[in-house]
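Structure record follows, encoded as structure tokens.
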Amino acid sequence: MRKCQKNSNKMGRYTLTLISLFILWILLTSTLAWEELITGLVFSALIALFGYSYFTEKGFSGITLKKIAYFLLYIPVFFWEMVKANFDVAYRVVHPKMPIRPGIVQIKTNLKSDVAKLILGNSITLTPGTLTIEIVKDNLLIHWINVKSEDVKKATEIIGARFEKYLRVIFK
């Protein structure tokens, strides 16, 4: 009985990985031509076969409506922050005196999952003007083009809090 459950769990994880990769293939190719779909399905199946154990340990059990809603809210928040940061960096580049104060600051996170910390670090890096240098336990070292505060708490509020409030729910 236990072996049957274990095989069922593996199959569920494989299926989740296959479906996720195939959807990603469709989104990246932007076509529904049957040749592309078959190629995508074959590659998704092969990659899922060798990588499903790394993809997820929970299968579909970790997905809830609340997490989906927060993820859907996170996307426009991330893009809005990215647009604002692009304009901020562009302003600094074209300003005659180039008002920058570069430096490395430390921020603290309350996220527990390594994947959540990785996504937080990547979100910070993808907003121009900041670059995540290192993640050590609950601390992220950030290179900031215009350091507004060297205080860990204040820097955390300015840089990380805007993303973390959503990621905390998504990766609960």
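Chain lettering (A, B, ...) mirrors the order of the structure tokens, residue numbering begins at 1 for each chain separately, and ligand numbering begins at 1 in order of display.
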Practice prompt. Determine which residues of stretch 2-154 of chain A receive a DSSP assignment of helix (DSSP H, G or I), computed from the backbone, and state them as a ChimeraX atom specification.
Written response: /A:2-29,34-55,59-62,65-94,114-126,152-154
Worksheet entry | Nearby residues (only C-alpha atoms) at most 12 Å from A:Gly103, same-chain spacing under 6 positions excluded, as a PyMOL selection string | chain A and resi 129-133+141-150+155
Discussion item. Residues near A:Gly40, anyone? I mean within 12 Å using only C-alpha atoms, not counting same-chain ones fewer than 2 positions away, as a ChimeraX atom specification.
Written reply: /A:18-38,42-48
For stretch 151-154 of chain A, list every protein, DNA or RNA residue within 7 Å, evaluated using only C-alpha atoms, and leave out those in the same chain fewer than 6 positions away; present the list as a compact mmCIF listing (two decimals) with C-alpha atoms, in the first residue's frame.
# COMPACT_ATOMS: atom_id res chain seq x y z
CA GLN A 106 22.01 44.71 4.12
CA ILE A 107 18.33 43.88 4.29
CA LYS A 108 16.62 41.25 6.41
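Distances from A:Leu41, A:Leu126, A:Ile119, A:Leu167 to A:Val83 were compared using only C-alpha atoms, and the smallest one belongs to A:Leu126.
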Discussion item. As a PyMOL selection string, please: the residues near A:Val89 (cut-off 9 Å, only C-alpha atoms, same-chain neighbours under 4 positions excluded).
Written reply: chain A and resi 84-85+93-94+128-129+145
Generate the output file for the selected residues, C-alpha atoms, as a PDB file, in the first residue's frame.
ATOM      1  CA  LYS A  84       9.393  53.085 -11.465  1.00  0.00           C
ATOM      2  CA  ALA A  85      12.976  51.904 -11.004  1.00  0.00           C
ATOM      3  CA  VAL A  93      21.738  58.859 -16.041  1.00  0.00           C
ATOM      4  CA  VAL A  94      20.507  61.958 -17.922  1.00  0.00           C
ATOM      5  CA  PRO A 128      17.096  48.636 -12.023  1.00  0.00           C
ATOM      6  CA  GLY A 129      19.294  50.352  -9.491  1.00  0.00           C
ATOM      7  CA  ILE A 145      22.709  52.837  -6.897  1.00  0.00           C
TER       8      ILE A 145
END
Discussion item. Please return, as a PyMOL selection string, all residues of stretch 32-129 of chain A that DSSP assigns to strand (DSSP E or B) on the basis of the backbone.
Written reply: chain A and resi 101+103-108
Only C-alpha atoms, please: the residues just picked out, written as a compact mmCIF listing (two decimals), in the first residue's frame.
# COMPACT_ATOMS: atom_id res chain seq x y z
CA ARG A 101 25.28 57.47 -3.94
CA GLY A 103 26.82 51.41 -1.83
CA ILE A 104 26.13 48.00 -0.40
CA VAL A 105 23.37 47.62 2.17
CA GLN A 106 22.01 44.71 4.12
CA ILE A 107 18.33 43.88 4.29
CA LYS A 108 16.62 41.25 6.41
Worksheet item: Could you state the separation of atom CA of A:Lys67 and atom CA of A:Ala116 in Å, given to one decimal place?
Response: 12.8 Å
Discussion item. One decimal, in Å: what's the spacing between atom CA of A:Thr15 and atom CA of A:Tyr70?
Written reply: 24.0 Å
